[in-house]
Amino acid sequence: MRFALVLVCAAFATGLLGRHWWVFDLFAPFRVQYGYVLLSCAILLSLLRDVRWAAPAWAAAVFVAWPVMLSELPSDAAASVAAQEQPAFKVLTLNAWFRNEDIGRVARYLASSDADVILVQEFNRERMDKLAATLPTYPHTAFAAAEDKDGAAILSRWPIESAHPLQLADASRHAQWALVRWHGTAVQVVGVHLPWPLGSSI
C-alpha cells in the first residue's frame, strides 16, 4: 500500500513536468485515476491505523482530486441555464477504431446518446456511408474525405449550413469544420483526428 502511494504520487508529479519533456506529459491525463488510487490508499491506511502514512495519503488524495471535484460542480452560468429550462447543446465524440467492423453496434450507441452533434474519428468513406445509412435521426453529415482509416466526420440532428475540411500542419490528419443551425443559433463544430501524443514534435 505504501509502495502504491509513493508510485502514484511520483507519476502525478512527473505529469506536472510535461512542459519540459514530452515523455513526462504522458503521465498527465490520469488525474482522476490517480485520485481514486490515492483515496483508496488513504482509506486502507487509515483502517490499518498507519497514521504516519495515512495523513500524507489523505493530503495527496485531496490535492489531486480537488480540481476534479470542483469541475463537476455546476457553474453559475450552467445553473442559470438550468433554471431557465433552456436546452443544452449536446456533443458526443467517438473514436470508432478502424478495426471495428460492427457498424450496427456503433450506430446503436450513437443513437442512444441523444446528442445534437456527433463527431466520429477513424472512418473512411465506405464505413461512413454505412454508418450514416443506419442513423436516420442524424440526416445531416459532413466528412473530411479520406480513403484511409483516419477520416473525421460530423453527424447532426440539425441542419448543417456550411462545411469544409480544415488544413492541418500534418496533411495525413483530417479535420472537418461545420456550421450547425441549432434552435436558430449558429454553432461552429470541428471534428478532428489527431495523432498519438508521442514524440517531441507533437
# chains A, B, ... in the order shown; residues from 1 in each chain; ligands from 1
call {"tool": "select_by_dssp", "arguments": {"residues": "region 35-139 of chain A", "states": "helix (DSSP H, G or I)", "output": "PyMOL selection string"}}
result
chain A and resi 35-47+51-72+76-83+103-113+125-133
call {"tool": "closest_atom_pairs", "arguments": {"of": "region 51-158 of chain A", "to": "region 18-34 of chain A", "cutoff": "12 Å", "atoms": "only C-alpha atoms", "output": "JSON lines"}}
result
{"residue": "A:Ala57", "atom": "CA", "partner": "A:Tyr34", "partner_atom": "CA", "distance": 11.5}
{"residue": "A:Ala60", "atom": "CA", "partner": "A:Tyr34", "partner_atom": "CA", "distance": 9.6}
{"residue": "A:Ala61", "atom": "CA", "partner": "A:Tyr34", "partner_atom": "CA", "distance": 8.0}
{"residue": "A:Val62", "atom": "CA", "partner": "A:Tyr34", "partner_atom": "CA", "distance": 10.8}
{"residue": "A:Phe63", "atom": "CA", "partner": "A:Arg31", "partner_atom": "CA", "distance": 10.4}
{"residue": "A:Val64", "atom": "CA", "partner": "A:Arg31", "partner_atom": "CA", "distance": 6.6}
{"residue": "A:Ala65", "atom": "CA", "partner": "A:Val32", "partner_atom": "CA", "distance": 6.7}
{"residue": "A:Trp66", "atom": "CA", "partner": "A:Val32", "partner_atom": "CA", "distance": 10.0}
{"residue": "A:Pro67", "atom": "CA", "partner": "A:Arg31", "partner_atom": "CA", "distance": 9.4}
{"residue": "A:Val68", "atom": "CA", "partner": "A:Val32", "partner_atom": "CA", "distance": 7.0}
{"residue": "A:Met69", "atom": "CA", "partner": "A:Val32", "partner_atom": "CA", "distance": 9.5}
{"residue": "A:Ser71", "atom": "CA", "partner": "A:Val32", "partner_atom": "CA", "distance": 11.5}
{"residue": "A:Glu72", "atom": "CA", "partner": "A:Val32", "partner_atom": "CA", "distance": 11.8}
call {"tool": "atom_distance", "arguments": {"atom1": "CA of Arg52 (chain A)", "atom2": "CA of Phe3 (chain A)"}}
result
14.0 Å
call {"tool": "select_by_dssp", "arguments": {"residues": "region 21-149 of chain A", "states": "strand (DSSP E)", "output": "number ranges by chain"}}
result
A: 91-95, 117-121, 140-144
call {"tool": "closest_residue", "arguments": {"among": "A:Ile160, A:Cys41, A:Gly191, A:Thr141", "to": "Val6 (chain A)", "atoms": "only C-alpha atoms"}}
result
A:Cys41
